[in-house]
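Visitor: Right, I'll just put the structure down here and ask away after.
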Amino acid sequence: MTLTRRNAHKDGGTFKNSDLLWYAKAVGVMKSRPVNDPTSWWFYAAMHGQKLNKKQEGYPDWTFIESIPASANLGVLPSATQMSLYWDQCQHSTGFFLPWHRGYLAALEYLLRDIIINQLNGPADWALPYWNYFNKDENKIPTAFTDSTLPNTDIPNPLYVAERYGPDKNGIDIYVDLSLANQECQSKSTTNDYLGKSGGFNHIGSQLGSTTGRIESNPHNRGHIDIGKYNEAGKEGLMSDETTAALDPIFYIHHCNIDRMWAAWNTKNNNPKDTNWLEGPTADGLSRYAMPMDGAGTAWHFAPKDVNSTNINFYGNVGHSYTYDDLTLPVEAPSSLASRLINLGKLMPEMSENEPVVPKDISSELVGASTPLTLFSGITETSVQIDNTSWKSVANSLRDASNQNLPDEVYLQLENVKGIHNSNSLLVSVNGTFVDSIALFGLRSASEENSQHGGTGLTFNIDITHVIDELYLSENLNIDALKVKIETSDPIIGDTFEVGRISVYRVAQ
Amino acid sequence: MRLSKKTHNSILLGVLGLSLLIWVLLLLNPGNIITIEHCKAPAMVLCSSDVVLAENSLQTLLELNPISGLLAGWGLMVVAMMLPKLIIPIEYIYARSLKRYRFRLSVLFVLGYLSSWMLAGIFMTAIILAFSYWLPASYLPAIGVGIIAAIYQCSPTKQRFLNLGHNHWNLPAFGFPAFRAAYLFGLTHGLWCVGSGWALMLFPMLLPNGHTIAMLVVTLMMISEHLEHPRPLRWELNPRLRLIKYLIAQMKAKRMYVIKAR
Ligand SMILES: [Cu+2]
């Protein structure tokens, strides 16, 4: 049987939507189990990331989280073997972001279905619902997640958590802010761009080689920090931090939408075909991902190739197939190389069927950089010095561009951004043109020494080719510096962010 | 940002080639091209054990193994063993520097790195000499250091140094500050490397026999452990075999590819 994952906003997003009601009941069952049970809500959340056996002074250490009940028995941890096999697995800022989370959702869905069907006598076709904030009037969280009790009872609602503050930081209006979140990734990405890329041995997020996919930056990261945000006291919501995010039941509904977007994108685009992606961690000399499938902690091991489609086979013999009731792609003109060449006057519109060549080997080169920079709340302006010698290559490539001789692309890179405030965004402008907004989800963990990122912070890439094209067209390409303006969307918790360097790179193809 | 495949391959080839060349020099010394004799390189101090046994005096020992020669041998050994480990930081420097500076900055980085190991070398050769004086041709020093190394492998201190090895600097892009930073990046990277690897490095050098094999094994261990992700600090038994797992996986992938191609 192929399951159909349906819209959480069906029936107004209330408990009349039976998918949500059964989700709530089953989450309640998982929440009633102690953390050392591999099928408990707490154990599953810890698989994404946790602050429990890695002690933290105060929040977000789990012992400071009010919505975790005493029955979770946080004092008694699972065995060291189970913790090292299962906990802290989430993949962010790499090409394995989508496949890891697909396996994670499938395993949880399997457990929830077991509870719903065999324990609660619920419907056999139950599947995880998704929240598509891009649907008209559906960017508000379904009310089933904010009700304090289950309908017609005084049983506390398992889908509600208090640590959810929303873009207005009032704890009441929980929504995804569509002025910054968008689904451009669905129409404007290439394969590597969309999924992100693992850099092999350099595959630590902030180092060279690995990149964050477009779908991960926006809407995934945006959704996290909009829902979690932070309160007046400067305490972040669960969804704002990767070590607490999966404690919030909305996490899986948000991720279900990200998975749906991936499946929709796959109706027109292929996943990578190279072994390094398909084999994932094993190709890099690491272990496969693991999900516990029962109370004894029996593992399903998987690699990206096992979740390459929505027909999954646990252990190779337990089928788990699903689809979505909506796999449409937004209608937006894809940005193409041909249109760029036409804009630059390098290709006549009537000849645009002359497809530009496919680049064989792409190489990037530093062409400008700033000194280290401290960002304060509000606006920080700086100039990024351009290296005249290397900038000539950019100018020449634009001058000599044709469909056989592709012009350089130019990127602005914010390197080694560090801080503790995940639920903030950087709004970046170059020479007065707004170029991108960056959600800082994951910043705290990445800045922490002895974490998987080794304290190097996060590095962000912003395509500023169109800004440079404009300079070229207005014959102002002869520059010594670019003016960069960075505005924080919110006052900074911890007062500042550190930026190691703002750099400009040319990508020659 | 990504380096072109061509640049990536030339770094790989250059670094591995140089390392291999020095391995060959050290192990075979074809036609005695290097003036430090095989047995005078510090790792090999004890391989002339018959001589040492016969004339067991510090003076003879030093005559046979002049300090300058010992240190030069040590330096070569470090280059041969550690250079492959520097591929990742060298690529990092390449990716984040102006094209015309790339090579010079990498050389400065390597020099900085070697400075740290040479400094450590002074102490290490002293220890090796001391042992060969007090306990010539004995397995005791190697066993002792081997035990210390095994305990140190599991310690949070070691993990701390390994984690620090993943710290990659913000490099200034222009002029003198760029060059200074590259050297200092190398120097500190070297310090973290000494901090994590001193015991492993000392062990094969104290072996009266079989140091060549031990040296190769230690090299693989050290490269492998530096490829692992940073981890929280705690006592744990962690074999850190990522390099081996990686090589096996890549070989399997190649074989699959060959089978499919047929
Ligand atoms: Cu997420």
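Residues in the structure tokens are numbered from 1 in each chain, the chains being A, B, ... in the order shown, and ligands are numbered from 1 in the order shown.
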Kindly assemble as a Markdown table a list of the chain B residues that lie within 9 Å of chain A, each paired with its nearest atom pair and their distance in Å to one decimal, using only C-alpha atoms, sorted first by chain and then by ascending residue number.

Guide:
| residue | atom | partner | partner_atom | distance |
| --- | --- | --- | --- | --- |
| B:Met1 | CA | A:Leu208 | CA | 5.9 |
| B:Arg2 | CA | A:Ser364 | CA | 5.6 |
| B:Leu3 | CA | A:Ser363 | CA | 5.0 |
| B:Ser4 | CA | A:Ser363 | CA | 4.1 |
| B:Lys5 | CA | A:Asp361 | CA | 6.7 |
| B:Lys6 | CA | A:Asp361 | CA | 8.2 |
| B:Thr7 | CA | A:Ser363 | CA | 8.6 |
| B:Ile88 | CA | A:Asn202 | CA | 7.4 |
| B:Glu91 | CA | A:Leu208 | CA | 8.3 |
| B:Tyr92 | CA | A:Leu208 | CA | 6.5 |
| B:Tyr94 | CA | A:Glu365 | CA | 8.6 |
| B:Ala95 | CA | A:Glu365 | CA | 6.8 |
| B:Arg96 | CA | A:Leu366 | CA | 6.2 |
| B:Ser97 | CA | A:Leu366 | CA | 5.8 |
| B:Leu98 | CA | A:Leu366 | CA | 5.3 |
| B:Lys99 | CA | A:Glu365 | CA | 6.7 |
| B:Arg100 | CA | A:Ser390 | CA | 8.8 |
| B:Gln159 | CA | A:Asn450 | CA | 8.6 |
| B:Arg160 | CA | A:Asn450 | CA | 7.3 |
| B:Asn163 | CA | A:Asn450 | CA | 6.0 |
| B:Leu164 | CA | A:Gly454 | CA | 7.3 |
| B:Gly165 | CA | A:Gly454 | CA | 8.8 |
| B:His166 | CA | A:Gly454 | CA | 6.1 |
| B:Asn167 | CA | A:Thr456 | CA | 6.4 |
| B:His168 | CA | A:Thr456 | CA | 7.0 |
| B:Trp169 | CA | A:Gly500 | CA | 8.3 |
| B:Asn170 | CA | A:Gly500 | CA | 5.4 |
| B:Leu171 | CA | A:Arg501 | CA | 8.0 |
| B:Pro172 | CA | A:Thr371 | CA | 6.6 |
| B:Ala173 | CA | A:Ala369 | CA | 6.2 |
| B:Phe174 | CA | A:Ala369 | CA | 8.3 |
| B:Leu227 | CA | A:Phe201 | CA | 6.6 |
| B:Glu228 | CA | A:Phe201 | CA | 8.4 |
| B:His229 | CA | A:Gln452 | CA | 5.7 |
| B:Pro230 | CA | A:Gln452 | CA | 5.0 |
| B:Arg231 | CA | A:Asn450 | CA | 5.5 |
| B:Pro232 | CA | A:Asn450 | CA | 5.2 |
| B:Leu233 | CA | A:Asn450 | CA | 7.0 |
| B:Leu241 | CA | A:Gly285 | CA | 8.1 |
| B:Arg242 | CA | A:Gly285 | CA | 4.9 |
| B:Leu243 | CA | A:Gly285 | CA | 6.4 |
| B:Ile244 | CA | A:Gly285 | CA | 7.2 |
| B:Lys245 | CA | A:Gly285 | CA | 4.4 |
| B:Tyr246 | CA | A:Gly285 | CA | 3.6 |
| B:Leu247 | CA | A:Gly285 | CA | 7.4 |
| B:Ile248 | CA | A:Gly285 | CA | 8.1 |
| B:Ala249 | CA | A:Ala283 | CA | 5.2 |
| B:Gln250 | CA | A:Ala283 | CA | 6.1 |
| B:Ala253 | CA | A:Thr275 | CA | 6.7 |
| B:Tyr257 | CA | A:Thr275 | CA | 8.9 |

Visitor: Please identify which residues in region 194-401 of chain A DSSP calls alpha helix (DSSP H) from the backbone, and express them as a PyMOL selection string.

Guide: chain A and resi 194-195+214-215+222-228+250-265+275-278+337-343+388-399

Visitor: Output the selection as a short mmCIF file (atom, residue, chain, number, x, y, z; two decimals), in the first residue's frame - N, CA and C atoms for each residue.

Guide:
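File again25.cif, as written:
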data_model
loop_
_atom_site.label_atom_id
_atom_site.label_comp_id
_atom_site.auth_asym_id
_atom_site.auth_seq_id
_atom_site.Cartn_x
_atom_site.Cartn_y
_atom_site.Cartn_z
N TYR A 194 20.61 22.61 -5.37
CA TYR A 194 19.37 22.31 -4.68
C TYR A 194 19.64 21.49 -3.43
N LEU A 195 20.41 20.42 -3.58
CA LEU A 195 20.64 19.52 -2.46
C LEU A 195 21.76 19.99 -1.55
N ARG A 214 19.96 25.02 -1.58
CA ARG A 214 19.02 26.14 -1.55
C ARG A 214 17.79 25.82 -0.75
N ILE A 215 17.29 24.59 -0.88
CA ILE A 215 16.07 24.24 -0.14
C ILE A 215 16.34 24.26 1.36
N ARG A 222 14.64 29.11 7.33
CA ARG A 222 13.71 30.21 7.64
C ARG A 222 12.55 29.69 8.50
N GLY A 223 11.97 28.56 8.08
CA GLY A 223 10.84 27.99 8.81
C GLY A 223 11.22 27.73 10.26
N HIS A 224 12.39 27.12 10.45
CA HIS A 224 12.84 26.82 11.81
C HIS A 224 12.86 28.07 12.68
N ILE A 225 13.54 29.12 12.22
CA ILE A 225 13.71 30.27 13.11
C ILE A 225 12.44 31.11 13.23
N ASP A 226 11.57 31.08 12.20
CA ASP A 226 10.31 31.81 12.33
C ASP A 226 9.42 31.17 13.39
N ILE A 227 9.36 29.86 13.38
CA ILE A 227 8.49 29.17 14.33
C ILE A 227 9.08 29.27 15.75
N GLY A 228 10.39 28.98 15.86
CA GLY A 228 11.02 28.99 17.18
C GLY A 228 11.20 30.39 17.73
N ILE A 250 5.85 20.12 15.71
CA ILE A 250 5.71 20.80 14.41
C ILE A 250 6.94 20.54 13.53
N PHE A 251 8.05 20.16 14.18
CA PHE A 251 9.29 19.88 13.45
C PHE A 251 9.04 18.92 12.29
N TYR A 252 8.34 17.79 12.58
CA TYR A 252 8.17 16.73 11.58
C TYR A 252 7.20 17.15 10.48
N ILE A 253 6.29 18.06 10.84
CA ILE A 253 5.29 18.53 9.88
C ILE A 253 5.95 19.54 8.93
N HIS A 254 6.85 20.34 9.50
CA HIS A 254 7.67 21.26 8.69
C HIS A 254 8.57 20.46 7.77
N HIS A 255 9.26 19.45 8.33
CA HIS A 255 10.17 18.66 7.50
C HIS A 255 9.43 17.83 6.47
N CYS A 256 8.20 17.45 6.79
CA CYS A 256 7.40 16.69 5.84
C CYS A 256 7.16 17.58 4.61
N ASN A 257 6.99 18.88 4.84
CA ASN A 257 6.81 19.77 3.71
C ASN A 257 8.11 19.90 2.89
N ILE A 258 9.23 19.95 3.57
CA ILE A 258 10.53 20.01 2.87
C ILE A 258 10.70 18.75 2.02
N ASP A 259 10.32 17.61 2.59
CA ASP A 259 10.41 16.33 1.87
C ASP A 259 9.44 16.33 0.67
N ARG A 260 8.27 16.91 0.88
CA ARG A 260 7.30 17.01 -0.22
C ARG A 260 7.86 17.88 -1.35
N MET A 261 8.50 18.98 -0.97
CA MET A 261 9.08 19.86 -1.99
C MET A 261 10.17 19.11 -2.78
N TRP A 262 10.94 18.29 -2.07
CA TRP A 262 11.99 17.50 -2.75
C TRP A 262 11.34 16.53 -3.75
N ALA A 263 10.27 15.84 -3.27
CA ALA A 263 9.58 14.89 -4.16
C ALA A 263 9.00 15.62 -5.37
N ALA A 264 8.46 16.82 -5.14
CA ALA A 264 7.90 17.60 -6.25
C ALA A 264 9.01 18.00 -7.23
N TRP A 265 10.12 18.42 -6.69
CA TRP A 265 11.27 18.83 -7.52
C TRP A 265 11.75 17.64 -8.37
N THR A 275 28.47 7.82 -7.06
CA THR A 275 28.53 6.96 -5.88
C THR A 275 28.76 7.75 -4.60
N ASN A 276 29.52 8.83 -4.67
CA ASN A 276 29.80 9.57 -3.44
C ASN A 276 28.53 10.11 -2.81
N TRP A 277 27.54 10.44 -3.63
CA TRP A 277 26.28 10.88 -3.06
C TRP A 277 25.42 9.68 -2.67
N LEU A 278 25.33 8.72 -3.59
CA LEU A 278 24.46 7.57 -3.34
C LEU A 278 24.87 6.77 -2.10
N LEU A 337 21.09 30.65 -18.16
CA LEU A 337 22.33 31.22 -18.62
C LEU A 337 22.08 32.01 -19.90
N ALA A 338 21.22 31.46 -20.75
CA ALA A 338 20.93 32.14 -22.02
C ALA A 338 20.36 33.53 -21.76
N SER A 339 19.43 33.63 -20.80
CA SER A 339 18.85 34.95 -20.56
C SER A 339 19.88 35.93 -19.99
N ARG A 340 20.84 35.39 -19.24
CA ARG A 340 21.90 36.26 -18.74
C ARG A 340 22.74 36.79 -19.92
N LEU A 341 23.07 35.88 -20.84
CA LEU A 341 23.88 36.29 -21.99
C LEU A 341 23.14 37.31 -22.85
N ILE A 342 21.83 37.12 -22.97
CA ILE A 342 21.04 38.09 -23.74
C ILE A 342 21.07 39.44 -23.04
N ASN A 343 20.87 39.42 -21.72
CA ASN A 343 20.91 40.64 -20.93
C ASN A 343 22.24 41.36 -21.08
N ASN A 388 42.96 44.33 -7.72
CA ASN A 388 42.90 44.80 -9.11
C ASN A 388 43.34 43.75 -10.11
N THR A 389 44.43 43.04 -9.79
CA THR A 389 44.96 42.05 -10.73
C THR A 389 43.94 40.96 -11.05
N SER A 390 43.36 40.38 -9.99
CA SER A 390 42.44 39.27 -10.27
C SER A 390 41.09 39.77 -10.80
N TRP A 391 40.75 40.99 -10.45
CA TRP A 391 39.47 41.53 -10.93
C TRP A 391 39.48 41.66 -12.45
N LYS A 392 40.71 41.88 -13.01
CA LYS A 392 40.81 41.99 -14.47
C LYS A 392 40.25 40.74 -15.15
N SER A 393 40.48 39.58 -14.54
CA SER A 393 39.96 38.33 -15.13
C SER A 393 38.44 38.39 -15.23
N VAL A 394 37.80 38.95 -14.19
CA VAL A 394 36.34 39.06 -14.21
C VAL A 394 35.91 39.98 -15.34
N ALA A 395 36.57 41.15 -15.41
CA ALA A 395 36.23 42.13 -16.44
C ALA A 395 36.43 41.53 -17.82
N ASN A 396 37.56 40.85 -18.02
CA ASN A 396 37.83 40.24 -19.33
C ASN A 396 36.79 39.20 -19.69
N SER A 397 36.42 38.38 -18.69
CA SER A 397 35.47 37.30 -19.00
C SER A 397 34.12 37.89 -19.41
N LEU A 398 33.76 39.03 -18.82
CA LEU A 398 32.49 39.66 -19.22
C LEU A 398 32.62 40.26 -20.62
N ARG A 399 33.77 40.90 -20.85
CA ARG A 399 34.00 41.54 -22.15
C ARG A 399 33.94 40.50 -23.27
#

Visitor: For region 104-107 of chain A, please output as a PDB file with C-alpha atoms, in the first residue's frame all residues within 9 Å (counting only C-alpha atoms; exclusion window: fewer than 6 positions along the same chain).

Guide:
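Contents of selection-v5.pdb, freshly written:
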ATOM      1  CA  TYR A  44      13.834  10.313  18.664  1.00  0.00           C
ATOM      2  CA  MET A  47      18.700  11.536  17.262  1.00  0.00           C
ATOM      3  CA  HIS A  48      18.436  14.876  15.484  1.00  0.00           C
ATOM      4  CA  CYS A  90      21.287  15.315  11.813  1.00  0.00           C
ATOM      5  CA  LEU A 128       2.390  12.058   8.421  1.00  0.00           C
ATOM      6  CA  TYR A 252       8.174  16.732  11.575  1.00  0.00           C
ATOM      7  CA  HIS A 255      10.169  18.660   7.503  1.00  0.00           C
ATOM      8  CA  CYS A 256       7.404  16.694   5.837  1.00  0.00           C
ATOM      9  CA  ASP A 259      10.410  16.333   1.868  1.00  0.00           C
ATOM     10  CA  ALA A 290      20.793   4.439  11.757  1.00  0.00           C
ATOM     11  CA  MET A 291      17.205   4.605  12.995  1.00  0.00           C
ATOM     12  CA  PRO A 292      15.795   2.431  15.828  1.00  0.00           C
ATOM     13  CA  MET A 293      12.631   0.697  14.668  1.00  0.00           C
ATOM     14  CA  TRP A 300      17.567   0.241  10.177  1.00  0.00           C
ATOM     15  CA  ILE A 312      11.576   2.969   0.908  1.00  0.00           C
ATOM     16  CA  PHE A 314      13.421  -0.907   5.613  1.00  0.00           C
ATOM     17  CA  HIS A 320       7.299   1.710   3.177  1.00  0.00           C
TER      18      HIS A 320
END

Visitor: Counting only C-alpha atoms and all ligand atoms, which residue out of A:Val161, A:Ala45, A:Leu150, A:Leu52 sits closest to ligand 1?

Guide: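 Result for the nearest residue to ligand 1: A:Ala45.
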
Visitor: For ligand 1, which of A:Met1, A:Ile68, A:Met239, A:Leu85 is the closest residue, counting only C-alpha atoms and all ligand atoms?

Guide: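 Residue with the minimum atom-to-atom distance to ligand 1: A:Met239.
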
Visitor: So, counting only C-alpha atoms, which residue among B:Ile93, B:Met82, B:Leu70, B:Val110 is closest to Ile122 (chain B)?

Guide: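 For Ile122 (chain B), the nearest of the given residues is B:Leu70.
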
Visitor: For the strand (DSSP E) assignment from backbone DSSP, which residues of region 76-284 of chain A qualify? Please present them as a list in words.

Guide: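 Of region 76-284 of chain A, only Gly196, Lys197, Thr211 and Thr212 of chain A fall in strand (DSSP E).
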
Visitor: Could you check how far CA of Leu16 (chain B) sits from CA of Leu162 (chain B), in Å to one decimal?

Guide: 22.1 Å

Visitor: What is the CA of Thr243 (chain A) to CA of Leu180 (chain A) distance in Å?

Guide: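 So the answer is 24.0 Å.
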
Visitor: Skipping near chain neighbours, those fewer than 6 positions away, what residues fall within 6 Å of Leu414 (chain A) using only C-alpha atoms, listed as a VMD selection string?

Guide: chain A and resid 459 to 460 502

Visitor: Considering only C-alpha atoms, can you say which of B:Leu220, B:Leu26, B:Cys154, B:Ala137 comes closest to Leu76 (chain B)?

Guide: B:Leu26

Visitor: Can you pull out the residues contacting region 166-170 of chain A? Cut-off 10 Å, using only C-alpha atoms, and skip same-chain residues under 2 positions away; I want them as a list in words.

Guide: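 Non-adjacent residues within range: Lys140, Ile141, Glu163, Arg164, Ile172, Asp173, Ile174, Tyr175, Val176, Asp177, Gly223, His224, Ile225, Asp226, Ile227, Gly228, Lys229, Tyr230, Asn231, Glu232, Gly234, Glu236, Gly237, Met239, Ser423 and Asp490 of chain A.
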
Visitor: What separation in Å, quoted to one decimal, exists between CA of Cys185 (chain A) and CA of Pro219 (chain A)?

Guide: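 So the two atoms, CA of Cys185 (chain A) and CA of Pro219 (chain A), lie 8.4 Å apart.
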